[in-house]
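A.B. asks: Take a look at structure_14.csv, CSV, N, CA and C atoms:
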```
chain,number,residue,atom,x,y,z
J,119,MET,N,-17.7,-5.9,-9.0
J,119,MET,CA,-17.6,-5.6,-7.6
J,119,MET,C,-18.8,-6.2,-6.8
J,120,LYS,N,-18.5,-6.8,-5.7
J,120,LYS,CA,-19.6,-7.4,-4.9
J,120,LYS,C,-20.5,-6.4,-4.4
J,121,HIS,N,-21.8,-6.8,-4.1
J,121,HIS,CA,-22.7,-5.9,-3.5
J,121,HIS,C,-22.6,-6.0,-1.9
J,122,THR,N,-21.5,-5.5,-1.4
J,122,THR,CA,-21.2,-5.7,0.0
J,122,THR,C,-21.8,-4.6,0.8
J,123,LYS,N,-22.2,-5.0,2.0
J,123,LYS,CA,-22.7,-4.0,3.0
J,123,LYS,C,-21.8,-3.8,4.1
J,124,VAL,N,-22.0,-2.6,4.8
J,124,VAL,CA,-21.2,-2.3,6.0
J,124,VAL,C,-21.3,-3.5,7.0
J,125,THR,N,-22.4,-4.1,7.1
J,125,THR,CA,-22.6,-5.2,8.1
J,125,THR,C,-21.7,-6.4,7.7
J,126,ASP,N,-21.2,-6.5,6.5
J,126,ASP,CA,-20.3,-7.6,6.1
J,126,ASP,C,-18.9,-7.4,6.7
J,127,CYS,N,-18.6,-6.2,7.1
J,127,CYS,CA,-17.3,-5.9,7.7
J,127,CYS,C,-17.4,-6.1,9.2
J,128,ARG,N,-16.3,-6.6,9.8
J,128,ARG,CA,-16.5,-6.9,11.3
J,128,ARG,C,-15.1,-6.8,12.0
J,129,LEU,N,-15.2,-6.6,13.3
J,129,LEU,CA,-14.0,-6.6,14.1
J,129,LEU,C,-13.7,-8.1,14.4
J,130,ILE,N,-12.4,-8.4,14.3
J,130,ILE,CA,-12.0,-9.8,14.6
J,130,ILE,C,-11.0,-9.7,15.7
J,131,GLU,N,-11.2,-10.4,16.8
J,131,GLU,CA,-10.3,-10.5,17.9
J,131,GLU,C,-9.2,-11.5,17.5
J,132,LEU,N,-8.0,-11.0,17.6
J,132,LEU,CA,-6.8,-11.8,17.2
J,132,LEU,C,-6.2,-12.4,18.4
J,133,PRO,N,-5.5,-13.6,18.3
J,133,PRO,CA,-5.0,-14.2,19.5
J,133,PRO,C,-3.9,-13.3,20.1
J,134,LYS,N,-3.9,-13.3,21.4
J,134,LYS,CA,-2.9,-12.5,22.1
J,134,LYS,C,-2.2,-13.5,23.1
J,135,ILE,N,-0.9,-13.6,23.0
J,135,ILE,CA,-0.2,-14.5,24.0
J,135,ILE,C,0.5,-13.6,25.0
J,136,HIS,N,0.1,-13.7,26.2
J,136,HIS,CA,0.7,-12.9,27.3
J,136,HIS,C,2.0,-13.4,27.7
J,137,ASN,N,2.9,-12.5,28.0
J,137,ASN,CA,4.2,-12.8,28.5
J,137,ASN,C,4.7,-11.6,29.4
J,138,ARG,N,5.4,-11.9,30.5
J,138,ARG,CA,5.9,-10.9,31.3
J,138,ARG,C,6.7,-9.8,30.6
J,139,SER,N,7.4,-10.3,29.6
J,139,SER,CA,8.3,-9.5,28.8
J,139,SER,C,7.7,-8.8,27.6
J,140,GLY,N,6.4,-9.0,27.5
J,140,GLY,CA,5.6,-8.4,26.3
J,140,GLY,C,4.7,-9.4,25.7
J,141,ASN,N,3.7,-8.9,25.1
J,141,ASN,CA,2.7,-9.7,24.4
J,141,ASN,C,3.0,-9.9,22.9
J,142,ILE,N,2.4,-10.9,22.3
J,142,ILE,CA,2.6,-11.2,20.9
J,142,ILE,C,1.3,-11.6,20.3
J,143,THR,N,1.1,-11.1,19.1
J,143,THR,CA,-0.1,-11.5,18.3
J,143,THR,C,0.4,-12.0,17.0
J,144,ALA,N,0.1,-13.2,16.6
J,144,ALA,CA,0.4,-13.7,15.3
J,144,ALA,C,-0.8,-13.8,14.4
J,145,ILE,N,-0.7,-13.5,13.2
J,145,ILE,CA,-1.9,-13.5,12.2
J,145,ILE,C,-1.5,-14.4,11.1
J,146,ASN,N,-2.2,-15.5,10.9
J,146,ASN,CA,-2.0,-16.4,9.8
J,146,ASN,C,-3.2,-16.3,8.8
J,147,GLY,N,-2.8,-16.2,7.5
J,147,GLY,CA,-3.9,-16.1,6.5
J,147,GLY,C,-4.7,-17.4,6.5
J,148,LEU,N,-6.0,-17.3,6.3
J,148,LEU,CA,-6.9,-18.4,6.3
J,148,LEU,C,-7.1,-19.1,7.6
J,149,THR,N,-6.5,-18.6,8.7
J,149,THR,CA,-6.7,-19.1,10.0
J,149,THR,C,-7.4,-18.0,10.9
J,150,GLU,N,-6.6,-17.0,11.2
J,150,GLU,CA,-7.2,-15.9,12.0
J,150,GLU,C,-8.1,-15.0,11.2
J,151,ILE,N,-7.7,-14.9,9.9
J,151,ILE,CA,-8.5,-14.0,9.0
J,151,ILE,C,-8.9,-14.9,7.8
J,152,PRO,N,-10.0,-14.5,7.1
J,152,PRO,CA,-10.6,-15.3,6.1
J,152,PRO,C,-10.0,-15.2,4.7
J,153,PHE,N,-8.7,-14.8,4.6
J,153,PHE,CA,-8.1,-14.7,3.3
J,153,PHE,C,-6.6,-15.0,3.5
J,154,ASP,N,-5.9,-15.4,2.4
J,154,ASP,CA,-4.5,-15.6,2.4
J,154,ASP,C,-3.8,-14.2,2.2
J,155,ILE,N,-2.8,-13.9,3.0
J,155,ILE,CA,-2.2,-12.6,3.0
J,155,ILE,C,-1.1,-12.6,1.8
J,156,GLU,N,-1.4,-11.6,0.9
J,156,GLU,CA,-0.5,-11.4,-0.2
J,156,GLU,C,0.4,-10.2,-0.1
J,157,ARG,N,-0.1,-9.2,0.7
J,157,ARG,CA,0.6,-8.0,0.9
J,157,ARG,C,0.5,-7.4,2.3
J,158,VAL,N,1.5,-6.9,2.8
J,158,VAL,CA,1.5,-6.2,4.2
J,158,VAL,C,2.1,-4.9,4.0
J,159,TYR,N,1.4,-3.8,4.5
J,159,TYR,CA,2.0,-2.5,4.6
J,159,TYR,C,1.5,-1.8,5.8
J,160,TYR,N,2.2,-0.7,6.2
J,160,TYR,CA,1.8,0.0,7.4
J,160,TYR,C,2.0,1.5,7.1
J,161,LEU,N,1.1,2.3,7.8
J,161,LEU,CA,1.2,3.7,7.7
J,161,LEU,C,1.7,4.3,9.0
J,162,TYR,N,2.6,5.2,9.0
J,162,TYR,CA,3.2,5.8,10.2
J,162,TYR,C,3.6,7.2,10.0
J,163,ASP,N,4.0,7.9,11.0
J,163,ASP,CA,4.4,9.3,10.9
J,163,ASP,C,3.3,10.2,10.2
J,164,ILE,N,2.0,9.9,10.6
J,164,ILE,CA,0.9,10.6,10.0
J,164,ILE,C,0.7,11.9,10.7
J,165,PRO,N,0.8,13.0,10.0
J,165,PRO,CA,0.6,14.3,10.6
J,165,PRO,C,-0.7,14.5,11.3
J,166,GLY,N,-0.8,15.3,12.3
J,166,GLY,CA,-2.1,15.6,13.0
J,166,GLY,C,-3.1,16.1,12.0
J,167,GLY,N,-4.3,15.6,12.1
J,167,GLY,CA,-5.4,16.1,11.2
J,167,GLY,C,-5.4,15.4,9.9
J,168,ALA,N,-4.4,14.7,9.5
J,168,ALA,CA,-4.4,14.0,8.2
J,168,ALA,C,-5.4,12.9,8.1
J,169,GLU,N,-5.8,12.6,6.9
J,169,GLU,CA,-6.7,11.5,6.7
J,169,GLU,C,-6.1,10.6,5.6
J,170,ARG,N,-6.4,9.3,5.7
J,170,ARG,CA,-5.9,8.3,4.8
J,170,ARG,C,-7.1,7.5,4.2
J,171,GLY,N,-6.8,6.7,3.3
J,171,GLY,CA,-7.9,5.9,2.7
J,171,GLY,C,-8.5,6.7,1.6
J,172,GLY,N,-9.8,6.9,1.7
J,172,GLY,CA,-10.6,7.6,0.7
J,172,GLY,C,-10.7,6.9,-0.6
J,173,HIS,N,-11.0,5.6,-0.5
J,173,HIS,CA,-11.2,4.8,-1.7
J,173,HIS,C,-11.9,3.5,-1.3
J,174,ALA,N,-12.2,2.7,-2.3
J,174,ALA,CA,-12.8,1.4,-2.2
J,174,ALA,C,-12.0,0.5,-3.1
J,175,HIS,N,-12.2,-0.8,-2.9
J,175,HIS,CA,-11.6,-1.8,-3.7
J,175,HIS,C,-12.7,-2.7,-4.4
J,176,LYS,N,-12.4,-3.1,-5.6
J,176,LYS,CA,-13.4,-4.0,-6.3
J,176,LYS,C,-13.3,-5.4,-5.8
J,177,GLU,N,-12.1,-5.9,-5.5
J,177,GLU,CA,-11.9,-7.3,-5.2
J,177,GLU,C,-11.1,-7.6,-3.9
J,178,LEU,N,-10.3,-6.6,-3.5
J,178,LEU,CA,-9.3,-6.8,-2.4
J,178,LEU,C,-10.0,-6.8,-1.1
J,179,GLN,N,-9.6,-7.8,-0.2
J,179,GLN,CA,-10.0,-7.8,1.2
J,179,GLN,C,-8.9,-7.2,2.0
J,180,GLN,N,-9.2,-6.6,3.1
J,180,GLN,CA,-8.2,-6.1,4.0
J,180,GLN,C,-8.5,-6.3,5.5
J,181,MET,N,-7.4,-6.5,6.3
J,181,MET,CA,-7.5,-6.5,7.7
J,181,MET,C,-6.7,-5.2,8.2
J,182,ILE,N,-7.4,-4.3,8.8
J,182,ILE,CA,-6.8,-3.1,9.3
J,182,ILE,C,-6.6,-3.2,10.8
J,183,VAL,N,-5.4,-2.9,11.3
J,183,VAL,CA,-5.0,-3.1,12.7
J,183,VAL,C,-4.3,-1.8,13.2
J,184,ALA,N,-4.7,-1.3,14.4
J,184,ALA,CA,-4.0,-0.3,15.0
J,184,ALA,C,-2.8,-0.9,15.8
J,185,ALA,N,-1.7,-1.1,15.1
J,185,ALA,CA,-0.5,-1.8,15.7
J,185,ALA,C,0.0,-1.0,16.9
J,186,SER,N,-0.2,0.3,16.8
J,186,SER,CA,0.2,1.2,17.9
J,186,SER,C,-0.7,2.4,17.9
J,187,GLY,N,-1.1,3.0,19.0
J,187,GLY,CA,-1.9,4.2,19.0
J,187,GLY,C,-3.3,3.8,18.7
J,188,SER,N,-4.0,4.8,18.1
J,188,SER,CA,-5.4,4.7,17.7
J,188,SER,C,-5.8,5.5,16.5
J,189,PHE,N,-6.9,5.1,15.9
J,189,PHE,CA,-7.5,5.9,14.8
J,189,PHE,C,-8.9,5.4,14.5
J,190,ASP,N,-9.6,6.1,13.8
J,190,ASP,CA,-11.0,5.7,13.4
J,190,ASP,C,-11.1,5.4,12.0
J,191,VAL,N,-11.9,4.4,11.7
J,191,VAL,CA,-12.1,4.0,10.3
J,191,VAL,C,-13.6,4.1,10.0
J,192,LEU,N,-13.9,5.0,9.0
J,192,LEU,CA,-15.3,5.1,8.5
J,192,LEU,C,-15.4,4.2,7.3
J,193,ILE,N,-16.4,3.3,7.4
J,193,ILE,CA,-16.7,2.4,6.3
J,193,ILE,C,-18.1,2.7,5.8
J,194,ASP,N,-18.3,2.6,4.5
J,194,ASP,CA,-19.5,3.1,3.8
J,194,ASP,C,-19.8,2.2,2.7
J,195,ASP,N,-21.0,1.7,2.6
J,195,ASP,CA,-21.4,0.8,1.5
J,195,ASP,C,-22.3,1.5,0.4
J,196,GLY,N,-22.3,2.8,0.5
J,196,GLY,CA,-23.1,3.6,-0.4
J,196,GLY,C,-24.5,4.0,0.1
J,197,LYS,N,-24.9,3.3,1.1
J,197,LYS,CA,-26.2,3.5,1.7
J,197,LYS,C,-26.1,3.8,3.2
J,198,ASN,N,-25.2,3.0,3.9
J,198,ASN,CA,-25.0,3.1,5.3
J,198,ASN,C,-23.5,3.3,5.6
J,199,GLN,N,-23.3,4.0,6.7
J,199,GLN,CA,-21.9,4.3,7.1
J,199,GLN,C,-21.8,3.9,8.6
J,200,LYS,N,-20.6,3.5,9.0
J,200,LYS,CA,-20.3,3.1,10.3
J,200,LYS,C,-18.9,3.6,10.7
J,201,MET,N,-18.7,4.2,11.9
J,201,MET,CA,-17.4,4.6,12.3
J,201,MET,C,-16.9,3.6,13.3
J,202,ILE,N,-15.7,3.0,13.1
J,202,ILE,CA,-15.1,2.1,14.1
J,202,ILE,C,-13.8,2.6,14.6
J,203,SER,N,-13.6,2.6,15.9
J,203,SER,CA,-12.4,3.0,16.5
J,203,SER,C,-11.5,1.8,16.7
J,204,LEU,N,-10.3,1.9,16.3
J,204,LEU,CA,-9.3,0.9,16.5
J,204,LEU,C,-8.2,1.4,17.4
J,205,ASN,N,-8.0,0.7,18.5
J,205,ASN,CA,-7.1,1.2,19.5
J,205,ASN,C,-6.4,0.1,20.3
J,206,ARG,N,-6.5,-1.2,19.9
J,206,ARG,CA,-5.9,-2.3,20.5
J,206,ARG,C,-5.2,-3.2,19.4
J,207,PRO,N,-4.0,-3.5,19.6
J,207,PRO,CA,-3.3,-4.3,18.5
J,207,PRO,C,-3.7,-5.7,18.3
J,208,TYR,N,-4.6,-6.2,19.1
J,208,TYR,CA,-5.1,-7.5,19.0
J,208,TYR,C,-6.6,-7.6,18.5
J,209,TYR,N,-7.0,-6.5,17.9
J,209,TYR,CA,-8.3,-6.4,17.1
J,209,TYR,C,-8.0,-5.9,15.7
J,210,GLY,N,-8.6,-6.5,14.8
J,210,GLY,CA,-8.5,-6.1,13.4
J,210,GLY,C,-9.8,-5.9,12.8
J,211,LEU,N,-9.9,-4.9,11.9
J,211,LEU,CA,-11.2,-4.7,11.2
J,211,LEU,C,-11.1,-5.3,9.8
J,212,LEU,N,-12.0,-6.3,9.5
J,212,LEU,CA,-12.0,-6.9,8.2
J,212,LEU,C,-12.9,-6.0,7.3
J,213,VAL,N,-12.3,-5.5,6.2
J,213,VAL,CA,-13.0,-4.7,5.3
J,213,VAL,C,-13.1,-5.5,4.0
J,214,GLU,N,-14.3,-5.7,3.6
J,214,GLU,CA,-14.6,-6.5,2.4
J,214,GLU,C,-14.6,-5.6,1.2
J,215,PRO,N,-14.5,-6.3,0.0
J,215,PRO,CA,-14.5,-5.5,-1.3
J,215,PRO,C,-15.8,-4.7,-1.4
J,216,GLY,N,-15.8,-3.6,-2.1
J,216,GLY,CA,-17.0,-2.8,-2.4
J,216,GLY,C,-17.4,-1.9,-1.2
J,217,ILE,N,-16.4,-1.7,-0.3
J,217,ILE,CA,-16.7,-0.8,0.8
J,217,ILE,C,-15.7,0.4,0.8
J,218,TRP,N,-16.3,1.6,0.8
J,218,TRP,CA,-15.5,2.8,0.9
J,218,TRP,C,-14.9,2.9,2.3
J,219,ARG,N,-13.6,3.3,2.4
J,219,ARG,CA,-13.0,3.4,3.7
J,219,ARG,C,-12.2,4.7,3.8
J,220,GLU,N,-12.3,5.4,5.0
J,220,GLU,CA,-11.6,6.6,5.3
J,220,GLU,C,-11.0,6.4,6.7
J,221,LEU,N,-9.8,6.8,6.9
J,221,LEU,CA,-9.1,6.7,8.2
J,221,LEU,C,-8.9,8.1,8.7
J,222,HIS,N,-9.3,8.3,10.0
J,222,HIS,CA,-9.3,9.6,10.6
J,222,HIS,C,-8.8,9.6,12.0
J,223,ASN,N,-8.5,10.7,12.6
J,223,ASN,CA,-8.2,10.9,14.0
J,223,ASN,C,-7.0,10.0,14.5
J,224,PHE,N,-5.9,10.1,13.8
J,224,PHE,CA,-4.8,9.3,14.2
J,224,PHE,C,-4.1,9.9,15.4
J,225,SER,N,-3.9,9.1,16.4
J,225,SER,CA,-3.2,9.6,17.6
J,225,SER,C,-1.7,9.8,17.3
J,226,SER,N,-1.0,10.6,18.1
J,226,SER,CA,0.4,10.8,17.9
J,226,SER,C,1.1,9.4,18.0
J,227,GLY,N,2.0,9.2,17.0
J,227,GLY,CA,2.8,7.9,17.0
J,227,GLY,C,2.0,6.7,16.6
J,228,SER,N,0.8,6.8,16.1
J,228,SER,CA,0.1,5.6,15.7
J,228,SER,C,0.7,5.0,14.5
J,229,ILE,N,0.4,3.6,14.4
J,229,ILE,CA,0.8,2.8,13.3
J,229,ILE,C,-0.4,2.0,12.9
J,230,CYS,N,-0.7,2.1,11.6
J,230,CYS,CA,-1.8,1.4,11.0
J,230,CYS,C,-1.2,0.3,10.1
J,231,LEU,N,-1.5,-0.9,10.6
J,231,LEU,CA,-1.0,-2.1,9.9
J,231,LEU,C,-2.1,-2.7,9.0
J,232,VAL,N,-1.8,-2.9,7.7
J,232,VAL,CA,-2.8,-3.4,6.8
J,232,VAL,C,-2.3,-4.7,6.2
J,233,LEU,N,-3.2,-5.8,6.3
J,233,LEU,CA,-2.9,-7.1,5.6
J,233,LEU,C,-3.9,-7.1,4.5
J,234,ALA,N,-3.4,-7.5,3.3
J,234,ALA,CA,-4.2,-7.4,2.1
J,234,ALA,C,-4.2,-8.8,1.4
J,235,SER,N,-5.4,-9.1,0.7
J,235,SER,CA,-5.5,-10.3,0.0
J,235,SER,C,-4.9,-10.4,-1.4
J,236,GLN,N,-4.4,-9.2,-1.9
J,236,GLN,CA,-3.8,-9.2,-3.2
J,236,GLN,C,-2.6,-8.2,-3.2
J,237,HIS,N,-1.8,-8.4,-4.2
J,237,HIS,CA,-0.7,-7.4,-4.4
J,237,HIS,C,-1.4,-6.1,-4.9
J,238,TYR,N,-0.6,-5.0,-4.8
J,238,TYR,CA,-1.1,-3.7,-5.3
J,238,TYR,C,-1.5,-3.8,-6.8
J,239,LYS,N,-2.7,-3.3,-7.1
J,239,LYS,CA,-3.2,-3.3,-8.4
J,239,LYS,C,-4.0,-2.0,-8.6
J,240,GLU,N,-3.5,-1.0,-9.2
J,240,GLU,CA,-4.3,0.3,-9.4
J,240,GLU,C,-5.7,0.1,-9.9
J,241,SER,N,-5.8,-0.9,-10.8
J,241,SER,CA,-7.2,-1.1,-11.5
J,241,SER,C,-8.2,-1.6,-10.5
J,242,ASP,N,-7.8,-2.0,-9.3
J,242,ASP,CA,-8.7,-2.5,-8.3
J,242,ASP,C,-9.3,-1.4,-7.4
J,243,TYR,N,-8.7,-0.2,-7.5
J,243,TYR,CA,-9.1,0.9,-6.7
J,243,TYR,C,-10.3,1.7,-7.4
J,244,ILE,N,-11.2,2.2,-6.5
J,244,ILE,CA,-12.1,3.2,-6.9
J,244,ILE,C,-11.8,4.4,-6.0
J,245,ARG,N,-11.3,5.5,-6.6
J,245,ARG,CA,-10.8,6.6,-5.8
J,245,ARG,C,-11.7,7.8,-5.8
J,246,ASP,N,-12.8,7.8,-6.6
J,246,ASP,CA,-13.7,8.9,-6.6
J,246,ASP,C,-15.0,8.4,-6.0
J,247,TYR,N,-15.5,9.2,-5.0
J,247,TYR,CA,-16.7,8.7,-4.2
J,247,TYR,C,-17.9,8.7,-5.1
J,248,GLU,N,-18.1,9.7,-6.0
J,248,GLU,CA,-19.3,9.8,-6.8
J,248,GLU,C,-19.3,8.5,-7.8
J,249,GLN,N,-18.1,8.2,-8.3
J,249,GLN,CA,-18.0,7.0,-9.1
J,249,GLN,C,-18.4,5.7,-8.3
J,250,PHE,N,-17.9,5.7,-7.1
J,250,PHE,CA,-18.2,4.6,-6.2
J,250,PHE,C,-19.8,4.4,-6.0
J,251,ILE,N,-20.4,5.5,-5.8
J,251,ILE,CA,-21.9,5.5,-5.6
J,251,ILE,C,-22.6,5.0,-6.8
J,252,LYS,N,-22.1,5.5,-8.0
J,252,LYS,CA,-22.7,5.0,-9.3
J,252,LYS,C,-22.6,3.5,-9.5
J,253,ILE,N,-21.4,3.0,-9.2
J,253,ILE,CA,-21.1,1.6,-9.3
J,253,ILE,C,-22.0,0.8,-8.3
J,254,LYS,N,-22.1,1.3,-7.1
J,254,LYS,CA,-22.9,0.6,-6.1
J,254,LYS,C,-24.4,0.6,-6.5
J,255,ASN,N,-24.8,1.6,-7.0
J,255,ASN,CA,-26.3,1.7,-7.4
J,255,ASN,C,-26.6,0.8,-8.6
J,256,HIS,N,-25.6,0.4,-9.4
J,256,HIS,CA,-25.8,-0.5,-10.5
J,256,HIS,C,-25.4,-1.9,-10.2
J,257,ALA,N,-24.9,-2.2,-9.0
J,257,ALA,CA,-24.5,-3.5,-8.7
J,257,ALA,C,-25.7,-4.4,-8.4
```
Represent the supplied structure as C-alpha cells.
C.D. replies:
Amino acid sequence: MKHTKVTDCRLIELPKIHNRSGNITAINGLTEIPFDIERVYYLYDIPGGAERGGHAHKELQQMIVAASGSFDVLIDDGKNQKMISLNRPYYGLLVEPGIWRELHNFSSGSICLVLASQHYKESDYIRDYEQFIKIKNHA
C-alpha cells in the first residue's frame, strides 16, 4: 500500500456543458481523471443518518461524485483527516489508495456516483480501522 496522504486527494472540476434543456458532464478515463475507469457504481436510497464507506483500498483509485444531492466524505491518512462536502455533480473527489474514507450526511434523494480504477476485489479492501492504522504506521 502506498504511503498516501490526505493532501494527495483532491477535488477535480469536471467539464460542464451548458444547455437550455439541461447540463451534461462527461468523464473520460485518463483525460478528466488520472486513471482508466474499470468499474462504475452508485449508492442511492440511503436512509437518513446512514453512513457508507468505512474502509481503505490498497491499490484502487476512486473518483466520488455527488450526482444528485449532497453528502460529506471524511478522508483519513492515519495521521490527518479532512472533511469534504460534495454537492455539485461537476466536481469529483479523487481518493488515492491508502486513504480511509467514510461517507456521511446524505441529503434526501442523494446519489453517490463512484468511478473506480479496478474491478471489485475483496483482497484490496482494509475494513478494520485499527488494522489500517497498523499498516500505515509500517508503510
A.B. asks: Just the residues within 5 Å of region 120-134 of chain J, please, counting only N, CA and C atoms, with nothing from its chain fewer than 6 positions along; format it as a count of residues only.
C.D. replies: 8
A.B. asks: Tell me, in Å to one decimal, how far CA of Lys176 (chain J) is from atom C of Gln249 (chain J).
C.D. replies: 11.1 Å
A.B. asks: For Glu169 (chain J), please output as number ranges by chain all residues within 10 Å (counting only C-alpha atoms; exclusion window: fewer than 3 positions along the same chain).
C.D. replies: J: 164-166, 172, 189-191, 220-224
A.B. asks: Counting all atoms listed in the file, what is within 8 Å of Gln180 (chain J), bar same-chain residues fewer than 6 positions away, as a short mmCIF file (atom, residue, chain, number, x, y, z; two decimals) with N, CA and C atoms, in the coordinates of the input?
C.D. replies:
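Just written: part04.cif:
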```cif
data_model
loop_
_atom_site.label_atom_id
_atom_site.label_comp_id
_atom_site.auth_asym_id
_atom_site.auth_seq_id
_atom_site.Cartn_x
_atom_site.Cartn_y
_atom_site.Cartn_z
N GLY J 210 -8.60 -6.50 14.80
CA GLY J 210 -8.50 -6.10 13.40
C GLY J 210 -9.80 -5.90 12.80
N LEU J 211 -9.90 -4.90 11.90
CA LEU J 211 -11.20 -4.70 11.20
C LEU J 211 -11.10 -5.30 9.80
N LEU J 212 -12.00 -6.30 9.50
CA LEU J 212 -12.00 -6.90 8.20
C LEU J 212 -12.90 -6.00 7.30
N VAL J 213 -12.30 -5.50 6.20
CA VAL J 213 -13.00 -4.70 5.30
C VAL J 213 -13.10 -5.50 4.00
N GLU J 214 -14.30 -5.70 3.60
CA GLU J 214 -14.60 -6.50 2.40
C GLU J 214 -14.60 -5.60 1.20
N PRO J 215 -14.50 -6.30 0.00
CA PRO J 215 -14.50 -5.50 -1.30
C PRO J 215 -15.80 -4.70 -1.40
N VAL J 232 -1.80 -2.90 7.70
CA VAL J 232 -2.80 -3.40 6.80
C VAL J 232 -2.30 -4.70 6.20
N LEU J 233 -3.20 -5.80 6.30
CA LEU J 233 -2.90 -7.10 5.60
C LEU J 233 -3.90 -7.10 4.50
N ALA J 234 -3.40 -7.50 3.30
CA ALA J 234 -4.20 -7.40 2.10
C ALA J 234 -4.20 -8.80 1.40
N SER J 235 -5.40 -9.10 0.70
CA SER J 235 -5.50 -10.30 0.00
C SER J 235 -4.90 -10.40 -1.40
N GLN J 236 -4.40 -9.20 -1.90
CA GLN J 236 -3.80 -9.20 -3.20
C GLN J 236 -2.60 -8.20 -3.20
#
```
A.B. asks: Per DSSP on the backbone, filter region 167-250 of chain J down to the residues in helix (DSSP H, G or I) and report them as JSON, numbers by chain.
C.D. replies: {"J": [240, 241, 242, 247, 248, 249, 250]}
A.B. asks: Expressed in Å to a single decimal, how great is the separation between atom C of Arg206 (chain J) and atom N of Ala174 (chain J)?
C.D. replies: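 Atom N of Ala174 (chain J) lies at a distance of 23.6 Å from atom C of Arg206 (chain J).
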A.B. asks: What's around Ala185 (chain J) at 6 Å? Count only N, CA and C atoms, leave out sequence neighbours fewer than 5 positions away in its own chain, and write the answer as a list of chain:residue names.
C.D. replies: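 Listed by chain and then number, they are J:Arg206, J:Pro207, J:Ile229, J:Cys230, J:Leu231.
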A.B. asks: Between J:Ser241, J:Thr149, J:Asn141, J:Ser225, which one has atoms that come closest to Asp163 (chain J), using only C-alpha atoms?
C.D. replies: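 The answer is J:Ser225, which sits nearest to Asp163 (chain J).
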A.B. asks: Please report, as a count of residues only, each residue of region 136-215 of chain J to which DSSP assigns strand (DSSP E or B) when run on this structure's backbone.
C.D. replies: 38
A.B. asks: I'd like the interatomic distance between atom N of Asn205 (chain J) and CA of Ser228 (chain J), to a tenth of an Å.
C.D. replies: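 We find that atom N of Asn205 (chain J) and CA of Ser228 (chain J) lie 9.9 Å from each other.
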A.B. asks: Given only C-alpha atoms as the basis, pick out the residue of J:Gly167, J:Leu161, J:Phe153, J:Lys239 nearest to Met181 (chain J).
C.D. replies: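 Checking each candidate against Met181 (chain J), we get J:Phe153 as the closest.
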A.B. asks: Kindly indicate which residue among J:His237, J:Lys200, J:Asp246, J:Ile253 lies nearest to Glu156 (chain J), using only N, CA and C atoms for the distances.
C.D. replies: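 Counting only N, CA and C atoms, the residue closest to Glu156 (chain J) is J:His237.
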A.B. asks: Considering only N, CA and C atoms, can you say which of J:Lys197, J:His175, J:Leu192, J:Val183 comes closest to Asp242 (chain J)?
C.D. replies: J:His175
A.B. asks: Between J:Ile151, J:Ser226, J:Arg219, J:Tyr247, which one has atoms that come closest to Gly187 (chain J), using only N, CA and C atoms?
C.D. replies: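 Nearest to Gly187 (chain J): J:Ser226.
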